[in-house]
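J.: Here it is, the structure in full.
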Amino acid sequence: MARTLAHLLASALLIFSSSLIALSSALDDSDPSLRPPMMILPLYLSSPNPNISRHRNLRRHLQNSAPPNARMRLYDDLLSHGYYTTRLWIGTPPQEFALIVDTGSTVTYVPCSNCGHCGKHQDPRFQPELSSTYQPMKCSISCNCDEAGAQCTYERRYAEMSSSSGVLGEDTISFGNESKLIPQRAVFGCEDMETGDLYTQHADGIIGLGRGRLSVMDQLVDKGAISDSFSLCYGGMDVGGGAMVLGGISSPPDMVYTNSDPFRSPYYNIELKEIHVAGKPLKLKPSIFDGRHGTVLDSGTTYAYLPKEAFLAFKNAVINKIRSLKQIHGPDPNFHDICFSGAGRNVSQLSAVFPQVDMVFSNGHKLSLSPENYLFRHTKASGAYCLGIFQNADDPTTLLGGIIVRNTLVTYDRENDKIGFWKTNCSELWKGLHYPSPAAPPPLDLRSQNTSVGIPPTIAPGGLPPIMAPVGLPHADFPVGEFQIGLITFDMMLIINNSSMKPNFTELTEFIAHALDVKVSQVHFLNFSYTANASLIKWAIFPDESADYISNAMATSIIHRLRDHRLQLPEKFGSYQLVELNVKPPVKLTWWKQNYWVLAVGVLATLVLGLSISGAWLIWRSRQENVSYEPVDAVVPEQELQPLQTSPGPDDL
């Protein structure tokens, strides 16, 4: 009897607590004090996942049955954009979006077609009316409702004064043609308001991978679609890109794990106890890394932030190890970045200059950080780098952003409450894991396809135009790695409805620059041919004026945006087709061409010096010819004195 009463009481408490938590998770429960304003996408406080205990047995069963996973590519990079994105397709037919990968968010949202205040982003807004599988989330006691009391709403506010709000809807989401996971139905946010950085950012929205009932991870796990684990692998400095896997993978045997307590905080936390610089531990108490939310991993944050005492100790330890380098001002005068010059441009050689940093966990395991995990490249000084670890204002939370895990496979094993780290080249992740690389999609037959701007494809893109790459350069279906890109050219065929109208190349250049996220000065019009109502235009993307080549991350982003037909051109330009795409390495100049200005200055200086010497010699010679000297005892003929000419006096008249 007592056991029965206990079961009833426990069930009642569970139902009551689950209802309260579900209700609170739909409210705006952000905690704006968690992140300092300089972070790109701050964490917000959300309720602990009510499903952790309730679905523990289900998730163990899923892990044993080895469900499929979703292998997805990552795009962009930390320095250029401050975040990494992935592609997600929503609706039927699918509409494509570039979403920031954020482990600190528990909701996925994109701008909707009826949004009253949304910025201009990478892709067209989501159009619910064009999706045959879209359903609005009807108002209920478990959510906030709109003014009409018809549909559930959401709202998220961030520390840097940005916000997102809108309605909740449900539709089919798909993960691309590299994924083994079939499309699934999921709840997401349909924005009708954006402010701050969310309004101005290039990415369309956010894919939330945090703990919470609206998280994509929780929804897929609860449906039994994937096991309760996901992995992220961010590309290295100057490379960007990477990979993401929703679901379980076979972890490498030498992966380093640390515990992650879901009840410690609502975020993905780790048990950090020590930091070593060049093999020596910082003189800090282990409790310094356990303040407030503890040590939190957040993929939506760019850099790392330590409590004041830990930051000062880390900064001083690094500076003491690199006394040979000159400390300089940072690229942005608004921030007091700690930067150093004289380290050279080769990232692979930084370990010879900067010290190794180790993060030691409570179980004694250690994650070693190379310089690219705590430095970012100075954008205005060649061969200079700045610390990418900062003081977290007055917040005792230790926040580790994406910079810490560059070229590191991070597995969030939520089933076993642990997080694993494995150092690798994220551009070649599948090769390192001995997995078969995702199959390259077949070339696109441009003769039979007319891609119209703003109209979503009927299926997730599976055909892409070929790339003409010289020998030695990688194929653009995969991250470009450490190769240097000197020039990207592409042929665009515009199909104009009005045959009498020819394109305005100046305006078109500006639109292409905006769509590819490059400067207008980098986009060059090469040549143009016109037949009937079609125009074939050849374009070139050059490096920025301050660079010798296009960075790997930027080249990857440009190539994929071109191949995925992501140029958003105004309707007056009609539809377009990408005919050919070429990638070329930088032109290797001879020593004479690279140093022509030195030679010019040398020649000019030689001419000036030669003319000066010649002029001085001529002047000296001229003076020597005009001046004659006679010996002292020489006979000089007397000269007849001439009478003085005076005016006649009165006696002379």
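So you can find residues: chains in the structure tokens are A, B, ... in the order shown, residues in each start at 1, and ligands are numbered from 1 in order.
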Could you pull out all residues of region 70-154 of chain A with a DSSP call of strand (DSSP E) and give them as a count of residues only?
T.: 29
J.: Skip region 226-240 of chain A itself and residues of its chain fewer than 3 positions away, then list as a VMD selection string all residues within 7 Å of it, counting only C-alpha atoms.
T.: chain A and resid 59 62 to 63 67 to 69 75 to 77 220 to 221 243 to 248 372 405 to 415 426 to 427 481 to 482 551 to 553
J.: Please produce a file of those selected residues containing N, CA and C atoms, as a compact mmCIF listing (two decimals), in the first residue's frame.
T.:
```txt
# COMPACT_ATOMS: atom_id res chain seq x y z
N ARG A 59 16.20 6.33 -24.56
CA ARG A 59 17.42 6.72 -25.26
C ARG A 59 18.46 5.61 -25.22
N LEU A 62 17.46 3.36 -27.95
CA LEU A 62 17.79 3.91 -29.27
C LEU A 62 19.26 3.73 -29.57
N GLN A 63 20.10 3.92 -28.54
CA GLN A 63 21.53 3.79 -28.78
C GLN A 63 21.90 2.36 -29.14
N PRO A 67 20.30 3.90 -34.53
CA PRO A 67 19.53 4.60 -35.58
C PRO A 67 20.47 5.40 -36.47
N PRO A 68 19.99 5.88 -37.61
CA PRO A 68 20.86 6.64 -38.54
C PRO A 68 21.21 8.00 -37.94
N ASN A 69 22.16 8.66 -38.57
CA ASN A 69 22.51 10.01 -38.14
C ASN A 69 22.46 10.95 -39.34
N TYR A 75 29.75 25.73 -42.55
CA TYR A 75 30.25 26.78 -43.43
C TYR A 75 30.67 27.99 -42.59
N ASP A 76 31.30 28.96 -43.26
CA ASP A 76 31.75 30.20 -42.63
C ASP A 76 32.89 29.92 -41.65
N ASP A 77 33.27 30.94 -40.88
CA ASP A 77 34.38 30.76 -39.93
C ASP A 77 34.27 31.82 -38.85
N LEU A 220 14.23 15.27 -32.14
CA LEU A 220 14.60 14.09 -32.94
C LEU A 220 14.78 12.86 -32.06
N VAL A 221 15.37 13.05 -30.88
CA VAL A 221 15.57 11.92 -29.97
C VAL A 221 14.22 11.40 -29.47
N ALA A 243 32.28 20.08 -39.97
CA ALA A 243 31.25 19.05 -40.09
C ALA A 243 30.42 19.00 -38.82
N MET A 244 29.20 18.51 -38.96
CA MET A 244 28.29 18.31 -37.83
C MET A 244 27.55 17.00 -38.04
N VAL A 245 27.35 16.26 -36.96
CA VAL A 245 26.61 15.01 -37.01
C VAL A 245 25.53 15.04 -35.93
N LEU A 246 24.30 14.92 -36.33
CA LEU A 246 23.20 14.77 -35.38
C LEU A 246 22.95 13.28 -35.21
N GLY A 247 23.22 12.76 -34.01
CA GLY A 247 23.15 11.33 -33.77
C GLY A 247 24.51 10.80 -33.38
N GLY A 248 24.57 9.52 -33.09
CA GLY A 248 25.80 8.93 -32.61
C GLY A 248 26.79 8.59 -33.70
N GLU A 372 46.28 28.10 -32.41
CA GLU A 372 45.07 28.51 -33.12
C GLU A 372 43.82 28.37 -32.26
N VAL A 405 37.81 25.09 -29.72
CA VAL A 405 37.66 23.75 -30.31
C VAL A 405 37.90 23.75 -31.81
N ARG A 406 38.68 24.70 -32.33
CA ARG A 406 39.08 24.62 -33.73
C ARG A 406 39.85 23.32 -33.96
N ASN A 407 39.58 22.70 -35.09
CA ASN A 407 40.23 21.43 -35.44
C ASN A 407 40.15 20.43 -34.29
N THR A 408 38.98 20.37 -33.69
CA THR A 408 38.72 19.43 -32.59
C THR A 408 37.32 18.85 -32.78
N LEU A 409 37.23 17.54 -32.83
CA LEU A 409 35.93 16.88 -32.86
C LEU A 409 35.39 16.86 -31.43
N VAL A 410 34.24 17.49 -31.24
CA VAL A 410 33.60 17.55 -29.92
C VAL A 410 32.31 16.74 -29.99
N THR A 411 32.24 15.69 -29.17
CA THR A 411 31.05 14.83 -29.13
C THR A 411 30.27 15.12 -27.85
N TYR A 412 29.04 15.56 -28.00
CA TYR A 412 28.15 15.82 -26.87
C TYR A 412 27.33 14.55 -26.63
N ASP A 413 27.86 13.69 -25.77
CA ASP A 413 27.21 12.42 -25.46
C ASP A 413 26.20 12.67 -24.35
N ARG A 414 25.03 13.09 -24.73
CA ARG A 414 24.00 13.45 -23.76
C ARG A 414 23.44 12.21 -23.06
N GLU A 415 23.47 11.07 -23.72
CA GLU A 415 22.98 9.84 -23.12
C GLU A 415 23.79 9.46 -21.88
N CYS A 426 39.66 18.99 -39.10
CA CYS A 426 38.22 18.91 -39.36
C CYS A 426 37.89 18.99 -40.84
N SER A 427 38.82 19.47 -41.66
CA SER A 427 38.59 19.48 -43.10
C SER A 427 38.66 18.08 -43.69
N GLY A 481 40.87 23.34 -47.56
CA GLY A 481 42.07 23.02 -46.78
C GLY A 481 43.06 24.17 -46.75
N GLU A 482 44.35 23.83 -46.86
CA GLU A 482 45.39 24.83 -46.70
C GLU A 482 45.83 25.47 -48.02
N SER A 551 41.24 33.99 -48.49
CA SER A 551 41.36 33.01 -47.41
C SER A 551 40.56 31.77 -47.74
N ASN A 552 41.00 30.63 -47.20
CA ASN A 552 40.31 29.38 -47.48
C ASN A 552 38.86 29.42 -47.06
N ALA A 553 38.60 30.02 -45.90
CA ALA A 553 37.22 30.10 -45.42
C ALA A 553 36.35 30.93 -46.35
```
J.: Considering only alpha helix (DSSP H) as DSSP defines it on the backbone, what residues of region 283-313 of chain A qualify? List them as a list in words.
T.: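 So the alpha helix (DSSP H) residues in region 283-313 of chain A would be Lys308, Glu309, Ala310, Phe311, Leu312 and Ala313 of chain A.
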J.: Output C-alpha atoms of each residue in that selection to a file, as a PDB file, in the first residue's frame.
T.:
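Saved file out_27.pdb follows:
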```pdb
ATOM      1  CA  LYS A 308      39.017  37.928 -13.905  1.00  0.00           C
ATOM      2  CA  GLU A 309      41.582  36.150 -11.742  1.00  0.00           C
ATOM      3  CA  ALA A 310      41.974  33.275 -14.218  1.00  0.00           C
ATOM      4  CA  PHE A 311      42.242  35.615 -17.199  1.00  0.00           C
ATOM      5  CA  LEU A 312      44.985  37.752 -15.646  1.00  0.00           C
ATOM      6  CA  ALA A 313      46.989  34.656 -14.713  1.00  0.00           C
TER       7      ALA A 313
END
```
J.: Restricting the calculation to only C-alpha atoms, which member of A:Val579, A:Ala70, A:Tyr257, A:Leu618 is positioned closest to Lys180 (chain A)?
T.: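 The answer is A:Ala70, which sits nearest to Lys180 (chain A).
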J.: Which residue out of A:Gly91, A:Pro183, A:Pro128, A:Gly196 has the minimum interatomic distance to Glu160 (chain A) when only C-alpha atoms are used?
T.: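 The answer is A:Gly196, which sits nearest to Glu160 (chain A).
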J.: Check the smallest atom-to-atom distance from each of A:Arg211, A:Lys321, A:Lys285, A:Lys584 to Ala352 (chain A) using only C-alpha atoms, then report the winner.
T.: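 Checking each of A:Arg211, A:Lys321, A:Lys285, A:Lys584 against Ala352 (chain A), counting only C-alpha atoms, the winner is A:Lys321.
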J.: Rank A:Ser535, A:Trp89, A:Leu168, A:Ser260 by their smallest atom-to-atom distance to Met137 (chain A), using only C-alpha atoms, and report the top residue only.
T.: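 Ranked by minimum distance to Met137 (chain A), first place goes to A:Leu168.
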J.: Which residues are close to Trp539 (chain A), i.e. within 6 Å by only C-alpha atoms, leaving aside same-chain residues fewer than 5 positions away? Reply as a list in words.
T.: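 Once the nearby chain positions are removed, what remains is Thr489, Phe490, His524, Phe525 and Leu526 of chain A.
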J.: Just write the chosen residues, all heavy atoms, as a JSON list (two decimals), in the first residue's frame.
T.:
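Resulting contents of result00.json:
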```json
[["chain", "number", "residue", "atom", "x", "y", "z"],
["A", 489, "THR", "N", 36.73, 32.77, -60.79],
["A", 489, "THR", "CA", 35.97, 33.31, -61.92],
["A", 489, "THR", "C", 34.74, 32.45, -62.15],
["A", 489, "THR", "O", 34.76, 31.24, -61.90],
["A", 489, "THR", "CB", 36.81, 33.36, -63.21],
["A", 489, "THR", "OG1", 37.18, 32.02, -63.59],
["A", 489, "THR", "CG2", 38.07, 34.18, -63.00],
["A", 490, "PHE", "N", 33.69, 33.07, -62.63],
["A", 490, "PHE", "CA", 32.48, 32.31, -62.94],
["A", 490, "PHE", "C", 31.73, 33.00, -64.07],
["A", 490, "PHE", "O", 31.76, 34.23, -64.23],
["A", 490, "PHE", "CB", 31.59, 32.15, -61.71],
["A", 490, "PHE", "CG", 31.07, 33.44, -61.12],
["A", 490, "PHE", "CD1", 29.81, 33.93, -61.45],
["A", 490, "PHE", "CD2", 31.84, 34.15, -60.22],
["A", 490, "PHE", "CE1", 29.34, 35.10, -60.90],
["A", 490, "PHE", "CE2", 31.38, 35.33, -59.65],
["A", 490, "PHE", "CZ", 30.12, 35.81, -60.00],
["A", 524, "HIS", "N", 34.94, 41.93, -60.09],
["A", 524, "HIS", "CA", 35.35, 42.57, -61.34],
["A", 524, "HIS", "C", 34.56, 41.98, -62.51],
["A", 524, "HIS", "O", 34.44, 40.76, -62.64],
["A", 524, "HIS", "CB", 36.85, 42.37, -61.59],
["A", 524, "HIS", "CG", 37.73, 43.13, -60.65],
["A", 524, "HIS", "ND1", 38.76, 43.94, -61.06],
["A", 524, "HIS", "CD2", 37.72, 43.21, -59.30],
["A", 524, "HIS", "CE1", 39.36, 44.47, -60.01],
["A", 524, "HIS", "NE2", 38.74, 44.04, -58.93],
["A", 525, "PHE", "N", 34.05, 42.87, -63.32],
["A", 525, "PHE", "CA", 33.39, 42.47, -64.57],
["A", 525, "PHE", "C", 34.47, 42.25, -65.63],
["A", 525, "PHE", "O", 35.29, 43.14, -65.88],
["A", 525, "PHE", "CB", 32.40, 43.55, -64.99],
["A", 525, "PHE", "CG", 31.96, 43.45, -66.42],
["A", 525, "PHE", "CD1", 31.04, 42.49, -66.80],
["A", 525, "PHE", "CD2", 32.46, 44.31, -67.39],
["A", 525, "PHE", "CE1", 30.63, 42.40, -68.11],
["A", 525, "PHE", "CE2", 32.06, 44.23, -68.70],
["A", 525, "PHE", "CZ", 31.13, 43.26, -69.07],
["A", 526, "LEU", "N", 34.48, 41.08, -66.28],
["A", 526, "LEU", "CA", 35.52, 40.75, -67.25],
["A", 526, "LEU", "C", 35.05, 40.94, -68.69],
["A", 526, "LEU", "O", 35.66, 41.68, -69.45],
["A", 526, "LEU", "CB", 36.01, 39.31, -67.03],
["A", 526, "LEU", "CG", 36.66, 39.03, -65.67],
["A", 526, "LEU", "CD1", 37.16, 37.59, -65.61],
["A", 526, "LEU", "CD2", 37.81, 40.00, -65.40]]
```
J.: Which of these, A:Leu74, A:Ile141, A:Ala515, A:Met217, has the shortest distance to Leu562 (chain A) once you count only C-alpha atoms?
T.: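 Once distances to Leu562 (chain A) are computed over only C-alpha atoms, the minimum belongs to A:Ala515.
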J.: Using only C-alpha atoms, which residue out of A:Gly330, A:Pro396, A:Pro111, A:Pro371 lies closest to Ile288 (chain A)?
T.: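 Distance minimum relative to Ile288 (chain A) lands on A:Pro396.
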